[in-house]
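Read through the structure below, which is laid out as structure tokens, and then see the notes.
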Amino acid sequence: MRAVTNPAAPGLAGTPSEVPDRVIHASGRIAEALFHDGTSAPPADRIAWLEGEVRDFLGRATGRARFMFRLCVFVVVWLGPLWALSLPPLTWMKPVRRVEVLEHMENGLLAFAFLACKALLCMMYYEHPDAAREVGFDGHPASVAVTPASLLRSKR
């Protein structure tokens, strides 16, 4: 009996697929606003690194996952500004205005799309060694351990 092999099909997890540049660019602009510290956006090299990570991750994701992320990015970029009474697209706005639009979205009916983008971008952004260092993560799980004692100390 001959073994049946199933060739990898485009869109299956682990099979690299092309991700449109506009989705990657929009993800970078959303990240600039999401990680804006009140005075400036993150360094350009960190955003470029994040865009590369997003491209790699989405390129290996299933077709359905890629579609859902692209849909959420579309909603954030084109409908989010309208919801905040601004002209789209979000990618053409200055970072400070993007922050305002995203804050407005987060509290409205379009929060689902922004939160989906935010979740993925946050996981990837904080994998960067500089970002991890900024929040006090040294690579060891104990550096982020939350215990009842640490919670009591933080309330004092």
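By convention here, the chains of the structure tokens are called A, B, ... in the order presented, each chain's residues are numbered starting at 1, and ligands are numbered starting at 1 in the order presented.
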**Message:** as a list of chain:residue names, please: the residues near Glu18 of chain A (cut-off 7 Å, only C-alpha atoms, same-chain neighbours under 2 positions excluded).
**Reply:** A:Pro16, A:Pro20, A:Gly59
Would you mind exporting C-alpha atoms of the selected residues as a PDB file, in the first residue's frame?
```pdb
ATOM      1  CA  PRO A  16       4.771  30.937   3.568  1.00  0.00           C
ATOM      2  CA  PRO A  20       0.508  42.765   0.899  1.00  0.00           C
ATOM      3  CA  GLY A  59       3.105  34.837   5.960  1.00  0.00           C
TER       4      GLY A  59
END
```
Contact residues around Arg97 of chain A with only C-alpha atoms at 12 Å, ignoring same-chain residues under 6 positions, as a PDB file with N, CA and C atoms, in the first residue's frame:
```
ATOM      1  N   ARG A  29       2.083  51.811  11.000  1.00  0.00           N
ATOM      2  CA  ARG A  29       1.518  53.100  11.395  1.00  0.00           C
ATOM      3  C   ARG A  29       0.632  52.950  12.627  1.00  0.00           C
ATOM      4  N   ILE A  30      -0.093  51.841  12.710  1.00  0.00           N
ATOM      5  CA  ILE A  30      -0.897  51.584  13.912  1.00  0.00           C
ATOM      6  C   ILE A  30       0.030  51.422  15.111  1.00  0.00           C
ATOM      7  N   GLU A  32       3.025  52.683  15.541  1.00  0.00           N
ATOM      8  CA  GLU A  32       3.600  53.982  15.937  1.00  0.00           C
ATOM      9  C   GLU A  32       2.680  54.711  16.901  1.00  0.00           C
ATOM     10  N   ALA A  33       1.379  54.636  16.648  1.00  0.00           N
ATOM     11  CA  ALA A  33       0.419  55.298  17.541  1.00  0.00           C
ATOM     12  C   ALA A  33       0.227  54.494  18.825  1.00  0.00           C
ATOM     13  N   LEU A  34       0.156  53.193  18.692  1.00  0.00           N
ATOM     14  CA  LEU A  34      -0.084  52.329  19.842  1.00  0.00           C
ATOM     15  C   LEU A  34       1.024  52.435  20.878  1.00  0.00           C
ATOM     16  N   HIS A  36       3.228  54.999  21.106  1.00  0.00           N
ATOM     17  CA  HIS A  36       3.627  56.400  21.272  1.00  0.00           C
ATOM     18  C   HIS A  36       3.697  56.687  22.766  1.00  0.00           C
ATOM     19  N   GLY A  38       3.762  59.632  24.302  1.00  0.00           N
ATOM     20  CA  GLY A  38       3.276  60.954  24.675  1.00  0.00           C
ATOM     21  C   GLY A  38       4.142  62.063  24.115  1.00  0.00           C
ATOM     22  N   ALA A  41       6.936  58.762  18.759  1.00  0.00           N
ATOM     23  CA  ALA A  41       6.693  57.367  18.393  1.00  0.00           C
ATOM     24  C   ALA A  41       7.963  56.565  18.670  1.00  0.00           C
ATOM     25  N   GLY A  80     -12.099  53.573  11.359  1.00  0.00           N
ATOM     26  CA  GLY A  80     -11.740  54.208  12.632  1.00  0.00           C
ATOM     27  C   GLY A  80     -11.720  55.719  12.562  1.00  0.00           C
ATOM     28  N   PRO A  81     -11.051  56.299  11.578  1.00  0.00           N
ATOM     29  CA  PRO A  81     -11.059  57.767  11.476  1.00  0.00           C
ATOM     30  C   PRO A  81     -12.466  58.342  11.284  1.00  0.00           C
ATOM     31  N   ALA A  84     -14.170  58.569  14.475  1.00  0.00           N
ATOM     32  CA  ALA A  84     -13.639  59.664  15.298  1.00  0.00           C
ATOM     33  C   ALA A  84     -13.826  61.026  14.613  1.00  0.00           C
ATOM     34  N   LEU A  85     -14.687  61.051  13.594  1.00  0.00           N
ATOM     35  CA  LEU A  85     -15.011  62.284  12.869  1.00  0.00           C
ATOM     36  C   LEU A  85     -13.789  62.902  12.186  1.00  0.00           C
ATOM     37  N   SER A  86     -12.966  62.055  11.598  1.00  0.00           N
ATOM     38  CA  SER A  86     -11.796  62.493  10.824  1.00  0.00           C
ATOM     39  C   SER A  86     -11.868  61.857   9.451  1.00  0.00           C
ATOM     40  N   LEU A  87     -11.129  62.428   8.524  1.00  0.00           N
ATOM     41  CA  LEU A  87     -11.065  61.847   7.196  1.00  0.00           C
ATOM     42  C   LEU A  87     -10.025  60.733   7.165  1.00  0.00           C
ATOM     43  N   PRO A  88     -10.383  59.584   6.588  1.00  0.00           N
ATOM     44  CA  PRO A  88      -9.408  58.491   6.482  1.00  0.00           C
ATOM     45  C   PRO A  88      -8.434  58.761   5.355  1.00  0.00           C
ATOM     46  N   PRO A  89      -7.381  58.009   5.261  1.00  0.00           N
ATOM     47  CA  PRO A  89      -7.029  56.856   6.085  1.00  0.00           C
ATOM     48  C   PRO A  89      -6.176  57.249   7.285  1.00  0.00           C
ATOM     49  N   LEU A  90      -6.142  56.372   8.245  1.00  0.00           N
ATOM     50  CA  LEU A  90      -5.355  56.571   9.463  1.00  0.00           C
ATOM     51  C   LEU A  90      -3.865  56.715   9.144  1.00  0.00           C
ATOM     52  N   THR A  91      -3.413  56.022   8.116  1.00  0.00           N
ATOM     53  CA  THR A  91      -1.985  56.014   7.782  1.00  0.00           C
ATOM     54  C   THR A  91      -1.470  57.365   7.319  1.00  0.00           C
ATOM     55  N   GLU A 103      -7.657  55.815  20.468  1.00  0.00           N
ATOM     56  CA  GLU A 103      -8.295  55.897  21.784  1.00  0.00           C
ATOM     57  C   GLU A 103      -9.810  55.980  21.640  1.00  0.00           C
ATOM     58  N   HIS A 104     -10.265  56.739  20.658  1.00  0.00           N
ATOM     59  CA  HIS A 104     -11.699  56.853  20.395  1.00  0.00           C
ATOM     60  C   HIS A 104     -12.266  55.503  19.958  1.00  0.00           C
TER      61      HIS A 104
END
```
**Request:** Figure out the distance between atom CA of Val23 of chain A and atom CA of Leu120 of chain A, please, to one decimal in Å.
**Result:**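 If I compute the distance from atom CA of Leu120 of chain A to atom CA of Val23 of chain A, I get 13.4 Å.
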**Message:** Excluding Leu50 of chain A and its own-chain neighbours fewer than 5 positions away, which residues fall within 12 Å of it when counting only C-alpha atoms? Please give them as number ranges by chain.
**Reply:** A: 24-32, 35, 42-45, 55-57, 120-129, 131
